[in-house]
$ cat input.txt   # compact mmCIF, C-alpha atoms
# COMPACT_ATOMS: atom_id res chain seq x y z
CA MET A 1 -13.46 -13.32 8.85
CA ASN A 2 -13.35 -15.86 11.68
CA PHE A 3 -11.35 -15.46 14.86
CA TYR A 4 -8.76 -18.13 14.00
CA TYR A 5 -7.94 -16.45 10.70
CA GLN A 6 -7.76 -13.06 12.41
CA SER A 7 -5.30 -14.47 14.96
CA MET A 8 -3.10 -15.93 12.23
CA GLU A 9 -3.07 -12.64 10.32
CA ASN A 10 -2.45 -10.71 13.54
CA CYS A 11 0.71 -12.70 14.34
CA LEU A 12 2.30 -11.90 10.99
CA ILE A 13 1.34 -8.21 11.02
CA ILE A 14 2.58 -7.64 14.57
CA CYS A 15 5.90 -9.35 13.89
CA LYS A 16 6.38 -7.06 10.89
CA ARG A 17 5.55 -3.97 12.91
CA LEU A 18 7.95 -4.97 15.69
CA LEU A 19 10.84 -5.59 13.28
CA GLU A 20 10.15 -2.23 11.65
CA SER A 21 10.13 -0.51 15.05
CA LEU A 22 13.42 -2.20 15.94
CA LYS A 23 14.82 -1.24 12.51
CA VAL A 24 15.74 -4.86 11.81
CA PRO A 25 15.96 -5.57 8.04
CA PHE A 26 13.63 -8.31 6.81
CA THR A 27 11.89 -9.67 3.73
CA GLY A 28 8.22 -10.49 3.83
CA LYS A 29 8.69 -13.86 2.15
CA PHE A 30 11.15 -15.22 4.74
CA LEU A 31 9.15 -13.80 7.66
CA LYS A 32 5.88 -15.28 6.45
CA GLU A 33 7.51 -18.66 5.86
CA LYS A 34 9.00 -18.78 9.37
CA ILE A 35 5.79 -17.78 11.13
CA LEU A 36 3.37 -19.89 9.08
CA THR A 37 5.46 -23.05 9.38
CA HIS A 38 5.91 -22.79 13.16
CA PRO A 39 4.20 -25.75 14.89
CA GLN A 40 2.64 -23.47 17.54
CA TYR A 41 1.41 -20.79 15.13
CA PRO A 42 -0.39 -18.57 16.02
CA SER A 43 1.00 -18.02 19.51
CA LEU A 44 3.45 -15.93 21.52
CA LEU A 45 5.95 -18.79 21.19
CA SER A 46 5.78 -18.61 17.39
CA LEU A 47 6.62 -14.90 17.59
CA SER A 48 9.48 -15.49 20.03
CA ASP A 49 11.08 -18.25 17.95
CA THR A 50 10.71 -16.24 14.73
CA LEU A 51 12.33 -13.19 16.30
CA GLU A 52 15.25 -15.37 17.38
CA GLU A 53 15.93 -16.07 13.68
CA TYR A 54 16.55 -12.32 13.27
CA GLY A 55 18.85 -11.96 16.25
CA VAL A 56 16.16 -10.52 18.51
CA GLU A 57 16.10 -12.01 22.01
CA SER A 58 12.76 -12.18 23.80
CA VAL A 59 11.27 -13.13 27.16
CA ALA A 60 7.59 -13.80 27.79
CA ALA A 61 6.22 -12.31 31.01
CA LYS A 62 3.05 -11.25 32.78
CA LEU A 63 3.22 -7.81 34.33
CA GLY A 64 0.88 -5.80 36.49
CA PRO A 65 -0.47 -2.39 35.45
CA GLU A 66 1.97 -0.65 37.82
CA ARG A 67 4.87 -1.91 35.63
CA LEU A 68 3.63 -0.16 32.49
CA ASP A 69 6.00 2.81 32.91
CA ASP A 70 8.95 0.42 33.17
CA PHE A 71 7.99 -1.49 30.01
CA PRO A 72 11.02 -1.72 27.65
CA LEU A 73 9.98 -0.27 24.29
CA PRO A 74 9.07 -1.45 21.77
CA GLY A 75 7.50 -4.72 22.81
CA ILE A 76 4.55 -7.02 22.19
CA VAL A 77 1.50 -7.04 24.45
CA GLN A 78 -1.61 -9.18 24.48
CA VAL A 79 -4.96 -7.39 24.54
CA SER A 80 -8.45 -8.71 25.12
CA LEU A 81 -11.12 -7.32 22.78
CA ALA A 82 -14.77 -8.09 22.20
CA ASN A 83 -13.93 -10.44 19.30
CA GLY A 84 -11.02 -12.25 21.00
CA THR A 85 -7.44 -11.81 22.20
CA PHE A 86 -4.81 -10.31 19.92
CA PHE A 87 -1.26 -8.97 19.98
CA ASN A 88 -0.29 -5.28 19.73
CA VAL A 89 3.11 -3.60 19.53
CA ILE A 90 3.52 -0.94 22.22
CA THR A 91 5.84 1.87 21.10
CA ALA A 92 5.41 4.72 23.62
CA VAL A 93 4.01 5.32 27.10
CA SER A 94 3.20 8.67 28.66
CA GLU A 95 1.26 9.83 31.69
CA ASN A 96 -2.07 9.82 29.85
CA MET A 97 -1.53 8.03 26.53
CA VAL A 98 -0.16 4.78 25.13
CA SER A 99 0.95 4.46 21.50
CA VAL A 100 0.52 1.07 19.84
CA PHE A 101 0.28 -0.72 16.54
CA ASP A 102 -3.10 -2.37 16.95
CA GLU A 103 -4.23 -5.87 15.95
CA LYS A 104 -4.47 -4.74 12.30
CA GLY A 105 -1.08 -3.06 12.33
CA LYS A 106 -2.42 0.50 12.40
CA GLN A 107 -0.73 3.05 14.64
CA LYS A 108 -3.00 4.39 17.37
CA ASP A 109 -2.83 6.55 20.47
CA ILE A 110 -5.00 5.10 23.24
CA SER A 111 -5.77 6.61 26.62
CA ARG A 112 -3.78 4.95 29.39
CA LEU A 113 -6.97 3.92 31.18
CA ASP A 114 -8.47 2.25 28.09
CA PHE A 115 -5.22 0.42 27.38
CA LEU A 116 -5.00 -0.96 30.91
CA LYS A 117 -8.57 -2.19 30.63
CA MET A 118 -7.80 -4.33 27.57
CA TRP A 119 -4.21 -5.37 28.39
CA THR A 120 -4.11 -8.89 29.83
CA GLY A 121 -0.67 -8.29 31.37
CA VAL A 122 0.89 -10.87 29.02
CA CYS A 123 3.79 -9.46 27.01
CA LEU A 124 6.93 -10.29 25.09
CA LEU A 125 9.95 -8.21 26.13
CA VAL A 126 12.54 -7.93 23.35
CA GLU A 127 16.14 -6.85 22.90
CA THR A 128 18.14 -6.81 19.66
CA LYS A 129 21.55 -8.40 19.43
CA GLU A 130 24.38 -6.62 17.65
CA ASN A 131 23.88 -6.60 13.86
CA ALA A 132 20.42 -8.14 14.15
CA THR A 133 19.09 -8.92 10.68
CA GLU A 134 17.53 -11.62 8.55
CA PRO A 135 19.85 -14.48 7.56
CA GLU A 136 21.47 -13.93 4.14
CA ILE A 137 19.41 -10.79 3.52
CA GLY A 138 22.32 -9.16 1.68
CA GLN A 139 22.28 -11.82 -1.03
CA LYS A 140 18.48 -11.72 -1.23
CA THR A 141 18.34 -7.95 -1.70
CA ARG A 142 21.15 -8.07 -4.29
CA ASP A 143 19.24 -10.68 -6.29
CA GLN A 144 16.07 -8.60 -6.06
CA ARG A 145 17.89 -5.48 -7.24
CA ILE A 146 19.35 -7.34 -10.22
CA ILE A 147 15.94 -8.71 -11.21
CA ARG A 148 14.28 -5.30 -10.80
CA GLY A 149 17.08 -3.65 -12.76
CA LEU A 150 16.69 -6.09 -15.65
CA VAL A 151 12.91 -5.58 -15.66
CA VAL A 152 13.26 -1.79 -15.62
CA LEU A 153 15.90 -1.89 -18.35
CA GLY A 154 13.68 -4.09 -20.50
CA VAL A 155 10.62 -1.87 -20.01
CA VAL A 156 12.56 1.33 -20.66
CA SER A 157 14.13 -0.16 -23.81
CA PHE A 158 10.72 -1.28 -25.05
CA LEU A 159 9.11 2.10 -24.40
CA LEU A 160 12.04 3.96 -25.95
CA GLY A 161 11.85 1.83 -29.07
CA LEU A 162 8.07 2.23 -29.19
CA GLY A 163 8.31 6.01 -28.76
CA LEU A 164 10.93 6.32 -31.50
CA GLY A 165 8.75 4.21 -33.77
CA LEU A 166 5.75 6.45 -33.14
CA VAL A 167 7.81 9.57 -33.86
CA GLU A 168 9.21 8.11 -37.06
CA ASN A 169 5.69 7.27 -38.20
CA GLY A 170 4.64 10.86 -37.74
CA SER A 171 2.54 10.54 -34.60
CA SER A 172 1.47 13.88 -33.17
CA GLY A 173 2.61 15.26 -29.82
CA LEU A 174 -0.97 15.00 -28.58
CA PHE A 175 -1.07 11.30 -29.43
CA LEU A 176 2.22 10.72 -27.62
CA PHE A 177 0.84 12.57 -24.60
CA TYR A 178 -2.27 10.35 -24.66
CA PHE A 179 -0.04 7.29 -24.87
CA LEU A 180 1.99 8.47 -21.85
CA LEU A 181 -1.23 9.01 -19.89
CA LYS A 182 -2.21 5.40 -20.55
CA LEU A 183 1.23 4.31 -19.37
CA LEU A 184 1.01 6.48 -16.23
CA GLY A 185 -2.48 5.17 -15.47
CA LEU A 186 -1.30 1.58 -15.83
CA SER A 187 1.62 2.25 -13.48
CA ILE A 188 -0.58 3.83 -10.79
CA SER A 189 -3.26 1.13 -11.04
CA GLY A 190 -0.51 -1.50 -10.88
CA VAL A 191 0.77 -0.04 -7.59
CA LEU A 192 -2.84 0.10 -6.33
CA LEU A 193 -3.27 -3.55 -7.26
CA TRP A 194 -0.08 -4.31 -5.34
CA TYR A 195 -1.41 -2.42 -2.32
CA GLN A 196 -4.70 -4.33 -2.30
CA GLN A 197 -2.73 -7.57 -2.23
CA ASP A 198 -0.22 -6.35 0.37
CA LYS A 199 -1.88 -3.86 2.68
CA GLU A 200 0.77 -4.43 5.35
CA ASN A 201 3.54 -2.94 3.19
CA PRO A 202 4.79 -0.05 5.39
CA THR A 203 5.54 2.44 2.62
CA LEU A 204 2.31 1.86 0.71
CA GLN A 205 0.34 2.03 3.95
CA LYS A 206 2.02 5.30 4.86
CA PHE A 207 1.12 6.75 1.46
CA CYS A 208 -2.47 5.54 1.81
CA SER A 209 -3.04 7.04 5.24
CA GLY A 210 -2.35 10.43 6.74
CA GLY A 211 -4.57 12.75 8.68
CA LYS A 212 -8.24 12.24 9.39
CA SER A 213 -9.44 12.51 5.80
CA VAL A 214 -7.00 10.17 3.98
CA ASP A 215 -7.74 6.45 4.27
CA CYS A 216 -7.50 4.25 1.17
CA ASN A 217 -8.91 1.21 2.97
CA SER A 218 -12.15 3.00 3.91
CA VAL A 219 -12.69 3.92 0.27
CA LEU A 220 -11.57 0.69 -1.39
CA ASP A 221 -13.46 -1.55 1.06
CA SER A 222 -16.71 0.43 0.83
CA LYS A 223 -19.69 -1.22 -0.89
CA ALA A 224 -19.75 1.36 -3.68
CA PHE A 225 -16.23 0.31 -4.74
CA GLN A 226 -16.87 -3.44 -4.62
CA LEU A 227 -18.60 -5.23 -7.51
CA LEU A 228 -19.93 -8.79 -7.53
CA ASP A 229 -19.43 -9.20 -3.78
CA GLY A 230 -15.85 -7.99 -3.90
CA ARG A 231 -14.74 -10.18 -6.82
CA ILE A 232 -14.06 -7.05 -8.85
CA ASN A 233 -12.40 -4.03 -7.25
CA PRO A 234 -11.22 -0.61 -8.50
CA SER A 235 -7.59 -1.68 -8.97
CA MET A 236 -8.62 -4.56 -11.25
CA LEU A 237 -10.92 -2.34 -13.31
CA ALA A 238 -8.33 0.43 -13.64
CA SER A 239 -5.53 -1.99 -14.56
CA ALA A 240 -7.73 -3.67 -17.18
CA TYR A 241 -8.82 -0.30 -18.62
CA PHE A 242 -5.32 1.13 -19.00
CA PHE A 243 -3.73 -2.17 -20.09
CA ALA A 244 -6.35 -2.71 -22.81
CA GLY A 245 -6.05 0.90 -23.96
CA LEU A 246 -2.27 0.71 -24.12
CA GLY A 247 -2.46 -2.57 -26.02
CA LEU A 248 -4.86 -1.12 -28.59
CA LEU A 249 -2.67 1.96 -29.07
CA VAL A 250 0.42 -0.18 -29.66
CA SER A 251 -1.26 -2.71 -31.96
CA SER A 252 -3.53 -0.47 -34.02
CA ALA A 253 -3.41 3.19 -33.08
CA LEU A 254 -5.08 4.46 -36.28
CA PHE A 255 -8.17 2.28 -35.96
CA SER A 256 -8.45 2.17 -32.16
CA MET A 257 -8.03 5.90 -31.44
CA PRO A 258 -11.67 6.92 -32.18
CA PHE A 259 -12.97 4.15 -29.90
CA LEU A 260 -10.48 5.01 -27.12
CA ALA A 261 -11.35 8.71 -27.41
CA TRP A 262 -15.04 7.90 -26.95
CA LEU A 263 -14.21 5.59 -24.04
CA SER A 264 -12.16 8.30 -22.34
CA MET A 265 -15.10 10.68 -22.43
CA THR A 266 -17.46 8.07 -20.90
CA THR A 267 -15.23 7.79 -17.81
CA ILE A 268 -16.05 11.36 -16.72
CA PRO A 269 -19.34 10.39 -14.98
CA VAL A 270 -17.40 7.72 -13.05
CA VAL A 271 -14.85 10.34 -11.97
CA ILE A 272 -17.60 12.73 -10.85
CA TYR A 273 -19.37 10.00 -8.86
CA SER A 274 -16.12 8.92 -7.23
CA PHE A 275 -15.31 12.49 -6.16
CA TYR A 276 -18.83 12.89 -4.78
CA TYR A 277 -18.79 9.57 -2.92
CA GLN A 278 -15.39 10.16 -1.33
CA GLY A 279 -15.99 13.80 -0.45
CA MET A 280 -19.66 13.81 0.52
CA VAL A 281 -20.67 10.26 1.54
CA ILE A 282 -17.80 8.59 3.41
CA LYS A 283 -15.72 11.78 3.70
CA LYS A 284 -12.48 9.89 3.19
CA TRP A 285 -10.02 10.17 0.33
CA CYS A 286 -7.97 7.51 -1.42
CA ARG A 287 -4.80 9.03 -2.89
CA PHE A 288 -4.41 6.29 -5.49
CA CYS A 289 -8.04 6.75 -6.57
CA LEU A 290 -7.50 10.51 -6.89
CA LEU A 291 -4.43 9.96 -9.05
CA ILE A 292 -6.30 7.57 -11.33
CA GLN A 293 -9.22 10.00 -11.53
CA GLY A 294 -6.74 12.75 -12.44
CA VAL A 295 -5.35 10.65 -15.29
CA LEU A 296 -8.87 9.93 -16.58
CA VAL A 297 -9.68 13.65 -16.57
CA LEU A 298 -6.42 14.39 -18.41
CA GLU A 299 -7.27 11.75 -21.00
CA ALA A 300 -10.58 13.49 -21.63
CA LEU A 301 -8.77 16.83 -21.91
CA ALA A 302 -6.29 15.29 -24.34
CA VAL A 303 -9.18 14.05 -26.46
CA LEU A 304 -10.76 17.50 -26.36
CA GLY A 305 -7.35 18.91 -27.22
CA GLY A 306 -7.57 17.11 -30.54
CA PHE A 307 -10.64 19.21 -31.32
CA LEU A 308 -9.94 22.43 -29.43
CA GLY A 309 -6.28 22.81 -30.30
CA ARG A 310 -3.02 23.26 -28.43
CA ARG A 311 -4.36 25.21 -25.46
CA ALA A 312 -6.16 22.19 -24.05
CA PHE A 313 -3.05 20.10 -24.64
CA PHE A 314 -0.75 22.43 -22.74
CA PHE A 315 -3.32 22.88 -19.97
CA SER A 316 -3.59 19.12 -19.52
CA SER A 317 0.22 18.82 -19.54
CA TRP A 318 0.41 21.31 -16.69
CA LEU A 319 -2.33 19.47 -14.77
CA VAL A 320 -0.62 16.08 -14.93
CA SER A 321 2.64 17.57 -13.67
CA PHE A 322 0.84 19.32 -10.82
CA SER A 323 -1.20 16.29 -9.74
CA PHE A 324 1.83 13.98 -9.82
CA HIS A 325 3.84 16.41 -7.70
CA TRP A 326 0.94 17.00 -5.27
CA SER A 327 0.43 13.32 -4.57
CA GLY A 328 4.10 12.71 -3.81
CA LEU A 329 3.82 9.42 -5.71
CA GLY A 330 7.13 9.93 -7.49
CA ARG A 331 9.20 9.80 -4.35
CA ARG A 332 6.95 7.22 -2.66
CA VAL A 333 7.31 4.64 -5.43
CA ASP A 334 11.09 4.52 -4.95
CA GLN A 335 10.60 3.92 -1.24
CA THR A 336 8.37 0.87 -1.77
CA TYR A 337 11.47 -1.15 -2.63
CA ALA A 338 12.90 -0.62 0.87
CA TRP A 339 10.97 -3.63 2.16
CA THR A 340 9.81 -6.66 0.22
CA ALA A 341 6.42 -7.83 1.42
CA GLY A 342 5.30 -11.43 1.36

$ encode --input "input.txt" --output "structure tokens"
Amino acid sequence: MNFYYQSMENCLIICKRLLESLKVPFTGKFLKEKILTHPQYPSLLSLSDTLEEYGVESVAAKLGPERLDDFPLPGIVQVSLANGTFFNVITAVSENMVSVFDEKGKQKDISRLDFLKMWTGVCLLVETKENATEPEIGQKTRDQRIIRGLVVLGVVSFLLGLGLGLVENGSSGLFLFYFLLKLLGLSISGVLLWYQQDKENPTLQKFCSGGKSVDCNSVLDSKAFQLLDGRINPSMLASAYFFAGLGLLVSSALFSMPFLAWLSMTTIPVVIYSFYYQGMVIKKWCRFCLLIQGVLVLEALAVLGGFLGRRAFFFSSWLVSFSFHWSGLGRRVDQTYAWTAG
């Protein structure tokens, strides 16, 4: 990634992080449009003019290190790194530490001395006006809710009709459970696909990071999880796997079930390797990957349940409930609609 592209991406990410810190409502589409179409993009002026659209006043300044304790928070600062100059959002200052959103939008605590070494002194001081928000955001969010509601209603109606049809045709409870696993896997892989296209989404990023051992980006961007030079990634493979399986179940369950059962069993080596690679090689965990791996294991247990009887079925039912609760995905998914990313 060249420096110019990094600077362009940095401007958009930092503006998002500042608006989030100021608790100013925004949509990613409008924000991206305003920044990308600015004649001086990427620059401090492009950030200042874009913030003005949201009712956020700003003043560019150059301060000395002795003014750091008086810095109005949050604000934008320019830092000089080995690969160029970038913008950060400074959110807290203490005697020994400075908290920032760095050039990639990740929250970091930096020692005061290290921060002063890379800070150029250039900054953008900001202050929100009363009722600062994006123009016409109320109408935009209402339209989005209506569209999402129609989509959800359509999907729920389809699944309800499909489920009733399966019951009427005498499908077993184990088959229905296997069908729901495919649906759950498709949902999780769909959110993962969304995340890989919109890594700046605050809620998804919060879910994908936490503590020293949880970092989805480290796992997803590693060489072991990239095929054909990154053209194929885990989210694409998982989405294709669950989508194809769901399609086969819907179109021809009787004839496709033996093939899908065999396919479910062949995924176990992939699950084992993924656990090993995350836990032993890079020592980082991807929560979405763990959820997908959990669904794959449950599919295998459901297949075994067809041979071993009800105990395996009930055991797998308990496992899926536990793993879904542990991940916190249920409550996180609802939160992803709080902001609309570009």

$ residues_around --input "input.txt" --residues "Gly121 (chain A)" --least-positions-apart "5" --cutoff "6 Å" --atoms "only C-alpha atoms" --output "count of residues only"
3

$ closest_residue --input "input.txt" --among "A:Glu33, A:Glu299, A:Cys289, A:Gly75" --to "Ser218 (chain A)" --atoms "only C-alpha atoms"
A:Cys289

$ residues_near_point --input "input.txt" --point "(6.7, 1.5, 30.8)" --cutoff "12 Å" --atoms "all atoms listed in the file" --output "compact mmCIF listing (two decimals) with C-alpha atoms, in the coordinates of the input"
# COMPACT_ATOMS: atom_id res chain seq x y z
CA LEU A 63 3.22 -7.81 34.33
CA GLY A 64 0.88 -5.80 36.49
CA PRO A 65 -0.47 -2.39 35.45
CA GLU A 66 1.97 -0.65 37.82
CA ARG A 67 4.87 -1.91 35.63
CA LEU A 68 3.63 -0.16 32.49
CA ASP A 69 6.00 2.81 32.91
CA ASP A 70 8.95 0.42 33.17
CA PHE A 71 7.99 -1.49 30.01
CA PRO A 72 11.02 -1.72 27.65
CA LEU A 73 9.98 -0.27 24.29
CA PRO A 74 9.07 -1.45 21.77
CA GLY A 75 7.50 -4.72 22.81
CA VAL A 77 1.50 -7.04 24.45
CA ILE A 90 3.52 -0.94 22.22
CA THR A 91 5.84 1.87 21.10
CA ALA A 92 5.41 4.72 23.62
CA VAL A 93 4.01 5.32 27.10
CA SER A 94 3.20 8.67 28.66
CA GLU A 95 1.26 9.83 31.69
CA MET A 97 -1.53 8.03 26.53
CA VAL A 98 -0.16 4.78 25.13
CA SER A 99 0.95 4.46 21.50
CA ARG A 112 -3.78 4.95 29.39
CA LEU A 116 -5.00 -0.96 30.91
CA CYS A 123 3.79 -9.46 27.01
CA LEU A 125 9.95 -8.21 26.13

$ residues_near_point --input "input.txt" --point "(-0.8, -5.2, 17.4)" --cutoff "6 Å" --atoms "only C-alpha atoms" --output "number ranges by chain"
A: 14, 87-89, 101-103, 105

$ write_last_selection --input "input.txt" --atoms "C-alpha atoms" --output "mmCIF file, in the coordinates of the input"
data_model
loop_
_atom_site.group_PDB
_atom_site.id
_atom_site.type_symbol
_atom_site.label_atom_id
_atom_site.label_comp_id
_atom_site.auth_asym_id
_atom_site.auth_seq_id
_atom_site.Cartn_x
_atom_site.Cartn_y
_atom_site.Cartn_z
ATOM 1 C CA ILE A 14 2.580 -7.640 14.570
ATOM 2 C CA PHE A 87 -1.260 -8.970 19.980
ATOM 3 C CA ASN A 88 -0.290 -5.280 19.730
ATOM 4 C CA VAL A 89 3.110 -3.600 19.530
ATOM 5 C CA PHE A 101 0.280 -0.720 16.540
ATOM 6 C CA ASP A 102 -3.100 -2.370 16.950
ATOM 7 C CA GLU A 103 -4.230 -5.870 15.950
ATOM 8 C CA GLY A 105 -1.080 -3.060 12.330
#

$ residues_around --input "input.txt" --residues "Thr85 (chain A)" --least-positions-apart "2" --cutoff "12 Å" --atoms "all atoms listed in the file" --output "short mmCIF file (atom, residue, chain, number, x, y, z; two decimals) with C-alpha atoms, in the frame of the given file"
data_model
loop_
_atom_site.label_atom_id
_atom_site.label_comp_id
_atom_site.auth_asym_id
_atom_site.auth_seq_id
_atom_site.Cartn_x
_atom_site.Cartn_y
_atom_site.Cartn_z
CA PHE A 3 -11.35 -15.46 14.86
CA TYR A 4 -8.76 -18.13 14.00
CA GLN A 6 -7.76 -13.06 12.41
CA SER A 7 -5.30 -14.47 14.96
CA MET A 8 -3.10 -15.93 12.23
CA ASN A 10 -2.45 -10.71 13.54
CA CYS A 11 0.71 -12.70 14.34
CA PRO A 42 -0.39 -18.57 16.02
CA SER A 43 1.00 -18.02 19.51
CA LEU A 44 3.45 -15.93 21.52
CA VAL A 77 1.50 -7.04 24.45
CA GLN A 78 -1.61 -9.18 24.48
CA VAL A 79 -4.96 -7.39 24.54
CA SER A 80 -8.45 -8.71 25.12
CA LEU A 81 -11.12 -7.32 22.78
CA ALA A 82 -14.77 -8.09 22.20
CA ASN A 83 -13.93 -10.44 19.30
CA PHE A 87 -1.26 -8.97 19.98
CA ASN A 88 -0.29 -5.28 19.73
CA ASP A 102 -3.10 -2.37 16.95
CA GLU A 103 -4.23 -5.87 15.95
CA MET A 118 -7.80 -4.33 27.57
CA TRP A 119 -4.21 -5.37 28.39
CA THR A 120 -4.11 -8.89 29.83
CA GLY A 121 -0.67 -8.29 31.37
CA VAL A 122 0.89 -10.87 29.02
#

$ closest_residue --input "input.txt" --among "A:Asn217, A:Thr27, A:Ser21, A:Thr37" --to "Ile76 (chain A)" --atoms "all atoms listed in the file"
A:Ser21

$ residues_around --input "input.txt" --residues "Leu263 (chain A)" --least-positions-apart "2" --cutoff "12 Å" --atoms "only C-alpha atoms" --output "list in words"
Tyr241, Phe242, Ala244, Gly245, Ser256, Met257, Pro258, Phe259, Leu260, Ala261, Met265, Thr266, Thr267, Ile268, Pro269, Val270, Leu296, Val297, Glu299, Ala300 and Val303 of chain A

$ write_last_selection --input "input.txt" --atoms "C-alpha atoms" --output "PDB file, in the frame of the given file"
ATOM      1  CA  TYR A 241      -8.820  -0.300 -18.620  1.00  0.00           C
ATOM      2  CA  PHE A 242      -5.320   1.130 -19.000  1.00  0.00           C
ATOM      3  CA  ALA A 244      -6.350  -2.710 -22.810  1.00  0.00           C
ATOM      4  CA  GLY A 245      -6.050   0.900 -23.960  1.00  0.00           C
ATOM      5  CA  SER A 256      -8.450   2.170 -32.160  1.00  0.00           C
ATOM      6  CA  MET A 257      -8.030   5.900 -31.440  1.00  0.00           C
ATOM      7  CA  PRO A 258     -11.670   6.920 -32.180  1.00  0.00           C
ATOM      8  CA  PHE A 259     -12.970   4.150 -29.900  1.00  0.00           C
ATOM      9  CA  LEU A 260     -10.480   5.010 -27.120  1.00  0.00           C
ATOM     10  CA  ALA A 261     -11.350   8.710 -27.410  1.00  0.00           C
ATOM     11  CA  MET A 265     -15.100  10.680 -22.430  1.00  0.00           C
ATOM     12  CA  THR A 266     -17.460   8.070 -20.900  1.00  0.00           C
ATOM     13  CA  THR A 267     -15.230   7.790 -17.810  1.00  0.00           C
ATOM     14  CA  ILE A 268     -16.050  11.360 -16.720  1.00  0.00           C
ATOM     15  CA  PRO A 269     -19.340  10.390 -14.980  1.00  0.00           C
ATOM     16  CA  VAL A 270     -17.400   7.720 -13.050  1.00  0.00           C
ATOM     17  CA  LEU A 296      -8.870   9.930 -16.580  1.00  0.00           C
ATOM     18  CA  VAL A 297      -9.680  13.650 -16.570  1.00  0.00           C
ATOM     19  CA  GLU A 299      -7.270  11.750 -21.000  1.00  0.00           C
ATOM     20  CA  ALA A 300     -10.580  13.490 -21.630  1.00  0.00           C
ATOM     21  CA  VAL A 303      -9.180  14.050 -26.460  1.00  0.00           C
TER      22      VAL A 303
END

$ closest_residue --input "input.txt" --among "A:Ser213, A:Thr128, A:Ser58, A:Gln40" --to "Met280 (chain A)" --atoms "only C-alpha atoms"
A:Ser213

$ atom_distance --input "input.txt" --atom1 "CA of Cys286 (chain A)" --atom2 "CA of Phe179 (chain A)"
24.8 Å

$ atom_distance --input "input.txt" --atom1 "CA of Val219 (chain A)" --atom2 "CA of Pro234 (chain A)"
10.0 Å

$ closest_residue --input "input.txt" --among "A:Glu134, A:Asp215, A:Glu127, A:Asp114" --to "Lys34 (chain A)" --atoms "only C-alpha atoms"
A:Glu134

$ closest_residue --input "input.txt" --among "A:Gly294, A:Gly138, A:Gly279, A:Pro25" --to "Glu53 (chain A)" --atoms "all atoms listed in the file"
A:Pro25

$ closest_residue --input "input.txt" --among "A:Phe26, A:Phe86, A:Tyr178, A:Tyr41" --to "Ser264 (chain A)" --atoms "only C-alpha atoms"
A:Tyr178

$ residues_around --input "input.txt" --residues "Val59 (chain A)" --least-positions-apart "4" --cutoff "8 Å" --atoms "all atoms listed in the file" --output "PyMOL selection string"
chain A and resi 48+124-126

$ atom_distance --input "input.txt" --atom1 "CA of Gly190 (chain A)" --atom2 "CA of Leu246 (chain A)"
13.5 Å
